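Reviewing the structure listed below.
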Amino acid sequence: MSSVIVIGGGAAGMMAAYAAAECGHKVVLLEQNEKLGKKLYITGKGRCNVTNACGQDKLFENIVSNPKFLYSAFYDFDNKRMMELLERAGCPLKIERGERVFPVSDHSSDVIAAFERLLGQKDVAVYLKTAVREVTVEDGVAKGVILNSGERLPCDAVVLATGGLSYPTTGATGDGYRMAKMLGHTVKECVPALVPMEIQEPWCSALQGLSLKNVMLTMYCGTKKIWQGFGEMLFTHFGVSGPLVLSASSYYAKCKDKRQVTVTVDLKPALTAEQLDKRILRDFEQNLNKQFKNVIGGLYPAKLIPVMIELSGIDGDKKIHEITRQERGRLAGITKGLTMQVTGLRNYNEAIITQGGVTVKEVNPSTMESKLVKGLYFAGELLDLDAVTGGFNLQIAWSTGHLAGSSILPVR
């Protein structure tokens, strides 16, 4: 029986250990934390958005970095198989808006408990509070690991699934990148992703706590559109956050001159510019003798009204019948295009994932095995793979973990 060591007890590591054990290997799972799946506990605000129930085409559309690399992984173990596995393991699931999949219980701990049962059924040996210093290689083949304690553990194959740098409180240290580099692998620069944005405009912080739903957010690099999405966002004391903003942040790196990055919010995406003008005109005609500040409450949330008055350049005390066509046009313009200058992203403490990592050119997409070191496999966030919000990043972890574990061949 071949022996396999999996380094990292997160989503990708647990899946790799399960898949390898299912193939008949003797598996040891090493996790430096005091429990498995520590990052999973906090994903989806503690609810764990385990995957997305969309079709294959949409699955690939939502991958930001290197989607083609994931063809084999997704076809080997897709979102439907992931859902079936969890439900068989005693974790019933439900599908919510945007086809996001959660445990029926809304508790991420149930996902981890399901994996603990799966690993137990396959006799996977789990060692907690066990950190790895390096992977040992003999004649170009991975042959074991050296623990921080100095103890050596021999094996026939190693799966490196240590995760990224996001949420350091969950034990994310970047050790996997260090070990990959020691083994000759190239690591693409890592940056925080799925992370809130910092905004230059002072009026933004005045809107702290305001949530906007059903809006369209577009990110630009200069005049070039680099991302657009529909959904929900939130104003904070430093800038903006929420699902739309987090997804947009993954495209921030695509703009080389970060001083040119702006985001524009269409507050009324269901209306064309012409329809919006007619709507404003109708509201105005019904309130000709009222003050401007007392008429636009039907267009915007109360907290947003002072900002819209300021940006429109229209005196809030001005009577509606005194407002010019040009002023009305300015109001419509900022309603369809509320623009903010992005000054940067928040750090890893607030980032859901890490963008960058082990370059996929040095990994076989059909097996997840290193092209440089035989018997060494990669899975999950450690690789230069990432996606927008909605369960897609966890599906990357499940799929790459399963492919890595199931691709390990028995030693003859």
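In the structure tokens, chains take letters A, B, ... by order of appearance, with residues numbered from 1 within each chain and ligands from 1 in the order shown.
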**Item:** 7 Å contact set for Val145 of chain A, only C-alpha atoms, chain neighbours under 3 positions out, as a VMD selection string
**Value:** chain A and resid 132 134 to 136 152 to 154
Export, as a PDB file, in the first residue's frame, the selected residues with C-alpha atoms.
```
ATOM      1  CA  VAL A 132       5.886  20.976   8.380  1.00  0.00           C
ATOM      2  CA  GLU A 134      10.031  21.104   4.304  1.00  0.00           C
ATOM      3  CA  VAL A 135       9.365  18.372   1.760  1.00  0.00           C
ATOM      4  CA  THR A 136      12.242  15.954   1.215  1.00  0.00           C
ATOM      5  CA  ARG A 152      11.139  12.925   9.461  1.00  0.00           C
ATOM      6  CA  LEU A 153       8.094  11.195   7.976  1.00  0.00           C
ATOM      7  CA  PRO A 154       8.697   9.108   4.841  1.00  0.00           C
TER       8      PRO A 154
END
```
**Asked** What lies within 8 Å of Val215 of chain A using only C-alpha atoms, ignoring chain neighbours under 2 positions off, as number ranges by chain?
**Response** A: 212-213, 217, 230-233, 265-269
Those selected residues, please, written with N, CA and C atoms and delivered as a PDB file, in the first residue's frame.
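Now in part_16.pdb:
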```pdb
ATOM      1  N   LEU A 212     -26.534  49.257  -0.487  1.00  0.00           N
ATOM      2  CA  LEU A 212     -27.282  49.460  -1.725  1.00  0.00           C
ATOM      3  C   LEU A 212     -27.525  48.109  -2.388  1.00  0.00           C
ATOM      4  N   LYS A 213     -28.764  47.838  -2.736  1.00  0.00           N
ATOM      5  CA  LYS A 213     -29.103  46.579  -3.390  1.00  0.00           C
ATOM      6  C   LYS A 213     -29.547  46.834  -4.826  1.00  0.00           C
ATOM      7  N   LEU A 217     -22.285  47.901 -10.612  1.00  0.00           N
ATOM      8  CA  LEU A 217     -20.978  48.486 -10.325  1.00  0.00           C
ATOM      9  C   LEU A 217     -20.018  48.157 -11.466  1.00  0.00           C
ATOM     10  N   PHE A 230     -23.741  43.112 -11.129  1.00  0.00           N
ATOM     11  CA  PHE A 230     -25.012  43.579 -10.571  1.00  0.00           C
ATOM     12  C   PHE A 230     -25.228  42.913  -9.218  1.00  0.00           C
ATOM     13  N   GLY A 231     -25.669  43.706  -8.233  1.00  0.00           N
ATOM     14  CA  GLY A 231     -25.912  43.105  -6.925  1.00  0.00           C
ATOM     15  C   GLY A 231     -25.924  44.104  -5.796  1.00  0.00           C
ATOM     16  N   GLU A 232     -25.184  43.773  -4.730  1.00  0.00           N
ATOM     17  CA  GLU A 232     -25.246  44.529  -3.480  1.00  0.00           C
ATOM     18  C   GLU A 232     -23.878  45.045  -3.074  1.00  0.00           C
ATOM     19  N   MET A 233     -23.854  46.237  -2.487  1.00  0.00           N
ATOM     20  CA  MET A 233     -22.601  46.810  -1.979  1.00  0.00           C
ATOM     21  C   MET A 233     -22.870  47.567  -0.684  1.00  0.00           C
ATOM     22  N   VAL A 265     -21.052  53.525  -9.866  1.00  0.00           N
ATOM     23  CA  VAL A 265     -22.262  52.817  -9.459  1.00  0.00           C
ATOM     24  C   VAL A 265     -23.471  53.397 -10.193  1.00  0.00           C
ATOM     25  N   ASP A 266     -24.193  52.519 -10.867  1.00  0.00           N
ATOM     26  CA  ASP A 266     -25.470  52.888 -11.483  1.00  0.00           C
ATOM     27  C   ASP A 266     -26.548  52.566 -10.456  1.00  0.00           C
ATOM     28  N   LEU A 267     -27.124  53.627  -9.868  1.00  0.00           N
ATOM     29  CA  LEU A 267     -28.116  53.445  -8.804  1.00  0.00           C
ATOM     30  C   LEU A 267     -29.472  52.974  -9.333  1.00  0.00           C
ATOM     31  N   LYS A 268     -29.713  53.162 -10.633  1.00  0.00           N
ATOM     32  CA  LYS A 268     -30.988  52.775 -11.250  1.00  0.00           C
ATOM     33  C   LYS A 268     -30.724  51.983 -12.540  1.00  0.00           C
ATOM     34  N   PRO A 269     -30.114  50.805 -12.437  1.00  0.00           N
ATOM     35  CA  PRO A 269     -29.750  50.053 -13.645  1.00  0.00           C
ATOM     36  C   PRO A 269     -30.942  49.557 -14.454  1.00  0.00           C
TER      37      PRO A 269
END
```
**Message:** Taking only segment 239-365 of chain A into account, list the residues labelled strand (DSSP E) by DSSP (computed from the backbone), as a count of residues only.
**Reply:** 23
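Nearest residue to Val141 of chain A, choosing from A:Tyr41, A:Leu183, A:Ser166, A:Arg328 and counting only C-alpha atoms: A:Leu183.
Among the candidates A:Ile112, A:Val388, A:Ala180, A:Ile280, the one nearest to Val245 of chain A when counting only C-alpha atoms is A:Val388.
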**Item:** Counting only C-alpha atoms, the residue of A:Phe77, A:Tyr18, A:Phe284, A:Phe69 that sits nearest Lys361 of chain A
**Value:** A:Phe69
**Asked** Could you pull out all residues of segment 216-319 of chain A with a DSSP call of alpha helix (DSSP H) and give them as a ChimeraX atom specification?
**Response** /A:243-249,273-285,305-312
Save the residues we just selected, N, CA, C and O atoms, as a CSV table (one decimal), in the first residue's frame?
```csv
chain,number,residue,atom,x,y,z
A,243,PRO,N,-20.6,42.2,-1.6
A,243,PRO,CA,-20.3,41.2,-2.6
A,243,PRO,C,-19.8,41.8,-4.0
A,243,PRO,O,-18.9,41.3,-4.6
A,244,LEU,N,-20.5,42.9,-4.5
A,244,LEU,CA,-20.1,43.5,-5.7
A,244,LEU,C,-18.6,44.0,-5.7
A,244,LEU,O,-17.8,43.7,-6.6
A,245,VAL,N,-18.3,44.7,-4.6
A,245,VAL,CA,-17.0,45.3,-4.4
A,245,VAL,C,-15.9,44.2,-4.3
A,245,VAL,O,-14.8,44.3,-4.9
A,246,LEU,N,-16.2,43.1,-3.5
A,246,LEU,CA,-15.3,42.1,-3.3
A,246,LEU,C,-14.9,41.4,-4.6
A,246,LEU,O,-13.7,41.1,-4.9
A,247,SER,N,-15.9,41.1,-5.5
A,247,SER,CA,-15.7,40.5,-6.8
A,247,SER,C,-14.9,41.4,-7.7
A,247,SER,O,-13.9,41.0,-8.3
A,248,ALA,N,-15.2,42.7,-7.7
A,248,ALA,CA,-14.5,43.7,-8.5
A,248,ALA,C,-13.0,43.8,-8.1
A,248,ALA,O,-12.1,43.9,-8.9
A,249,SER,N,-12.7,43.6,-6.8
A,249,SER,CA,-11.3,43.7,-6.3
A,249,SER,C,-10.4,42.7,-6.9
A,249,SER,O,-9.2,42.9,-7.0
A,273,ALA,N,-31.1,55.9,-19.5
A,273,ALA,CA,-30.9,57.4,-19.2
A,273,ALA,C,-32.2,58.2,-19.5
A,273,ALA,O,-32.6,59.0,-18.8
A,274,GLU,N,-32.8,57.8,-20.6
A,274,GLU,CA,-34.0,58.5,-21.0
A,274,GLU,C,-35.2,58.2,-20.1
A,274,GLU,O,-35.9,59.1,-19.7
A,275,GLN,N,-35.3,57.0,-19.7
A,275,GLN,CA,-36.4,56.6,-18.7
A,275,GLN,C,-36.2,57.3,-17.4
A,275,GLN,O,-37.2,57.7,-16.7
A,276,LEU,N,-34.9,57.4,-16.9
A,276,LEU,CA,-34.6,58.0,-15.7
A,276,LEU,C,-35.0,59.5,-15.7
A,276,LEU,O,-35.6,60.1,-14.8
A,277,ASP,N,-34.7,60.2,-16.8
A,277,ASP,CA,-35.0,61.6,-17.0
A,277,ASP,C,-36.5,61.8,-16.9
A,277,ASP,O,-36.9,62.8,-16.3
A,278,LYS,N,-37.2,60.9,-17.6
A,278,LYS,CA,-38.7,61.0,-17.5
A,278,LYS,C,-39.2,60.8,-16.1
A,278,LYS,O,-40.2,61.5,-15.7
A,279,ARG,N,-38.6,59.9,-15.4
A,279,ARG,CA,-39.0,59.6,-14.0
A,279,ARG,C,-38.7,60.9,-13.1
A,279,ARG,O,-39.6,61.3,-12.3
A,280,ILE,N,-37.5,61.5,-13.3
A,280,ILE,CA,-37.2,62.7,-12.5
A,280,ILE,C,-38.1,63.8,-12.8
A,280,ILE,O,-38.7,64.5,-12.0
A,281,LEU,N,-38.4,64.0,-14.1
A,281,LEU,CA,-39.3,65.0,-14.6
A,281,LEU,C,-40.7,64.9,-14.1
A,281,LEU,O,-41.3,65.9,-13.6
A,282,ARG,N,-41.2,63.7,-14.0
A,282,ARG,CA,-42.5,63.4,-13.5
A,282,ARG,C,-42.6,63.8,-12.0
A,282,ARG,O,-43.5,64.4,-11.5
A,283,ASP,N,-41.5,63.4,-11.2
A,283,ASP,CA,-41.5,63.7,-9.8
A,283,ASP,C,-41.4,65.2,-9.6
A,283,ASP,O,-42.1,65.8,-8.7
A,284,PHE,N,-40.7,65.9,-10.5
A,284,PHE,CA,-40.5,67.4,-10.4
A,284,PHE,C,-41.9,68.0,-10.7
A,284,PHE,O,-42.3,69.0,-10.0
A,285,GLU,N,-42.5,67.6,-11.7
A,285,GLU,CA,-43.8,68.2,-12.2
A,285,GLU,C,-44.9,68.1,-11.1
A,285,GLU,O,-45.8,68.9,-11.0
A,305,ILE,N,-29.2,61.1,0.2
A,305,ILE,CA,-29.8,62.4,-0.3
A,305,ILE,C,-28.8,63.5,-0.1
A,305,ILE,O,-28.6,64.3,-1.1
A,306,PRO,N,-28.2,63.8,1.1
A,306,PRO,CA,-27.3,64.9,1.2
A,306,PRO,C,-26.1,64.8,0.2
A,306,PRO,O,-25.7,65.9,-0.3
A,307,VAL,N,-25.6,63.6,0.0
A,307,VAL,CA,-24.5,63.4,-1.0
A,307,VAL,C,-24.9,63.7,-2.4
A,307,VAL,O,-24.2,64.4,-3.2
A,308,MET,N,-26.1,63.3,-2.8
A,308,MET,CA,-26.6,63.5,-4.2
A,308,MET,C,-26.8,65.0,-4.4
A,308,MET,O,-26.6,65.5,-5.5
A,309,ILE,N,-27.3,65.7,-3.3
A,309,ILE,CA,-27.5,67.1,-3.5
A,309,ILE,C,-26.2,67.8,-3.7
A,309,ILE,O,-26.0,68.7,-4.6
A,310,GLU,N,-25.2,67.4,-2.9
A,310,GLU,CA,-23.9,68.0,-3.0
A,310,GLU,C,-23.3,67.8,-4.4
A,310,GLU,O,-22.7,68.7,-5.0
A,311,LEU,N,-23.3,66.5,-4.8
A,311,LEU,CA,-22.7,66.2,-6.1
A,311,LEU,C,-23.4,66.8,-7.3
A,311,LEU,O,-22.8,67.0,-8.3
A,312,SER,N,-24.7,67.0,-7.1
A,312,SER,CA,-25.5,67.5,-8.3
A,312,SER,C,-25.2,69.0,-8.5
A,312,SER,O,-25.4,69.6,-9.6
```
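If you look at atom CA of Lys58 of chain A and atom CA of Asp76 of chain A, they are 16.7 Å away from each other.
Atom to atom, atom CA of Cys23 of chain A and atom CA of Glu369 of chain A stand 16.2 Å apart.
Compared by their closest atoms to Lys122 of chain A, and using only C-alpha atoms, the residues A:Pro67, A:Gly150, A:Leu207, A:Ala21 rank with A:Ala21 nearest.
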**Asked** Any idea what's packed within 8 Å of Asp386 of chain A, counting only C-alpha atoms, ignoring anything in its chain fewer than 6 positions away? Could you give it as a VMD selection string?
**Response** chain A and resid 63 to 65 353 to 355 393 396
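Counting from atom CA of Cys204 of chain A, the distance to atom CA of Trp227 of chain A is 20.9 Å.
Candidate residues A:Val263, A:Leu331, A:Ala193, A:Ala142 were compared for distance to Thr223 of chain A, and the nearest is A:Val263, using only C-alpha atoms.
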